[in-house]
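Trainee: Below you'll find the structure I mean.
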Amino acid sequence: MSPQQFREIAWNGLWKQNTGLAQLLGLCPILAVSTSMVNAVSLGLATILVMALSNLAVSALRNFIPYEIRIPVFILIIAALTTVVDLSFNAFFHDLYLVLGIFIPLIVTNCIVLARVEAYAAKNDPLTSTVDGIMMGIGLVWVLAVLGGMRELLGAGTLFSGIEMILPGASAWNVFGDDYPGFLIAILPPGAFFALGVLIAAFNAINVRLAARARRRPPPAPTRTAEPEEDSAEPAAAS
Amino acid sequence: MSARYSATRTSLRTGAIMLLFTLVFTALMATTWDVTRPAIEASAQEAQRRLIDEVLPPGSYDNDLLADVVRFGPAPQIGMDDGGRVWRARKGGEPVALVVEGAATDGYAGRIALVVAVNTNGLLSGVRVTQHKETPGLGDYIDPKKDRRKDLPWIGQFAVATWKDVNTAEWTVRKDGGTFGYRTGATISARAVVRAAGRSTAFVVERMDALFAAPAGGVLGE
């Protein structure tokens, strides 16, 4: 895998084809778990693992899977790997499992996993497929973190509540003090749609500006068409 | 026209491949389950012990609490429609306390599972929520891990409650004329837990002698 190829996969996963903002896949778990930042990021981390593993497995087996039955086989592979991850976490990382455990079975229902397997891993070699799974997962994690952070801050006035389950001794940050009355709708399901709508609007606005900036520039040399993307890759990775 | 590509042959071949994939991945899951089972069971046992330690001081009894268990039949009044378990704490063979499973069915979002520890003198030793789906950041302060007040968690107020001192009508939140506090804006979860804790305590206090007399591992006859 060339550095150029790696950059392209990373840029697609983190920004351009972001699962939460551009592909809009797997919305059900995104909306369900983004009630707090720690919950949201925890599910995201578990999803990265399953996406990387299922992309790797499907990519390695892609020449043995008949086209007609590829979807049932993909689902079988994803479900089996999710079960293996679930059981292994429970047995070997029990403390982490107590935090992530309830989310892991939900990953099977996340259509983004199947979407990447079908659209990418079934056509590419194992290494790039694994990287694609990881990058798509990281793209999902940062969107979940921002979404969870927005909802938790507005709804409960805190950030990082539940962090002590992952880092014992750490405690939630009471941003608005103990007297914050709470804003229930941010935590209930409608709040998830409002917050996601705001995020997608911001994402589209930034894309419009990026495109405008790219147009104002002198046209890049024919061999280096990816140049405008390189510049803007930094803010995406930093968020 | 080659017979190799007839519909029947293709179906059979595809079916066989699907079967093969199913077998391989089922074997993978079965193996993982087999390998991880001892560790998972050990952690479940450990989690149970830690939970009981939170409601009952570990030094207050000296028997093997987890083994000294009695089952009871269906008890809808404490939310245990399929029955539940009572662990018995003894010191030097003398009864000390009972830890009972209970549940609230009138929470904001589904069942709230509890364990309640009651001393033989009717004094509550502690209450813990073991499972709930109350709104995160709002009603979930009933679980001390999610409670924002770490110094004085809401669930801690049960440690000083006595069944004899508080009569049945007062086993609810102050808003309803009861004895127990709640957090503004999220009364339903607190009310459900307080009432369920009260009912579970009554359930145990009324059957104290029978519960201690039943054989370990047996079922309470009623």
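Residue numbers start at 1 in each chain; chains themselves are named A, B, ... in the order of the structure tokens; ligands are numbered from 1 in the order shown.
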Per DSSP on the backbone, what are the strand (DSSP E or B) residues of chain B, as a PyMOL selection string?

Mentor: chain B and resi 69-72+75+80+84-91+94-104+112-119+123-131+162+173+180+183+186+219-220

Trainee: Enumerate as a PyMOL selection string the residues belonging to chain A that approach chain B to within 9 Å, with only C-alpha atoms taken into account.

Mentor: chain A and resi 35-36+64-66+68-69+72-73+76-77+80-81+83-84+87-88+90-92+94+152+155-158+161-162+164-165+171-172+174+178+181-182+184+187-188

Trainee: For Ala89 in chain B, work out the shell of residues within 9 Å, counting only C-alpha atoms and skipping chain neighbours fewer than 5 positions away, then give it as a list in words.

Mentor: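 The contact residues come out as Leu56, Ser60, Tyr61, Asp62, Asn63, Asp64, Leu65, Asp68, Glu94, Pro95, Val96, Ala97, Leu98 and Val99 of chain B.
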
Trainee: Fewer than 3 positions away in the same chain doesn't count, so skip those; otherwise give me all residues within 12 Å of Lys175 in chain B, counting only C-alpha atoms, as a list in words.

Mentor: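 Within the cut-off, the hits are Glu170, Trp171, Thr172, Gly178, Thr179, Phe180, Gly181, Tyr182, Arg183, Thr184, Gly185, Ala186, Thr187, Ile188, Ala190 and Arg191 of chain B.
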
Trainee: Please determine, counting only C-alpha atoms, which residue among B:Leu51, B:Arg111, B:Pro58, B:Arg195 has the shortest atom-to-atom distance to Lys91 in chain B.

Mentor: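 Under the stated criterion, the closest residue is B:Pro58.
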
Trainee: Using only C-alpha atoms, which of B:Ala109, B:Ile52, B:Ala47, B:Ala197 sits nearest Gly79 in chain B?

Mentor: B:Ala197

Trainee: Show me, as number ranges by chain, the residues that have an atom within 12 Å of Val198 in chain A when counting only C-alpha atoms, minus same-chain residues fewer than 6 positions from it.

Mentor: A: 21, 143, 146-147, 150-151, 191-192, 204-205

Trainee: Can you measure CA of Leu211 in chain B to CA of Ile78 in chain B for me? One decimal in Å is fine.

Mentor: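 Computing it gives 15.9 Å between the two atoms.
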
Trainee: If you count only C-alpha atoms, which residues fall within 10 Å of Ser54 in chain A, apart from same-chain ones fewer than 2 positions away, as a list of chain:residue names?

Mentor: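 That gives A:Ile48, A:Leu49, A:Val50, A:Met51, A:Ala52, A:Leu56, A:Ala57, A:Val58, A:Ser59, A:Ala60, A:Phe74, A:Ile75, A:Ile77, A:Ile78, A:Ala79, A:Ala80, A:Leu81, A:Thr82, A:Val113, A:Leu114, A:Arg116, A:Val117, A:Ala121, A:Ser129, A:Thr130, A:Gly133.
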
Trainee: From range 91-193 of chain A, collect each residue whose DSSP state is alpha helix (DSSP H) and return the set as a count of residues only.

Mentor: 55

Trainee: Please list as an NGL selection string every residue within 12 Å of Phe212 in chain B, counting only C-alpha atoms and excluding residues in the same chain fewer than 3 positions away.

Mentor: :B and (68-71 or 86-90 or 93-99 or 120 or 204-209 or 215-220)

Trainee: One decimal, Å: what's the distance from CA of Leu154 in chain A over to CA of Pro144 in chain B, could you say?

Mentor: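 It comes out at 21.9 Å.
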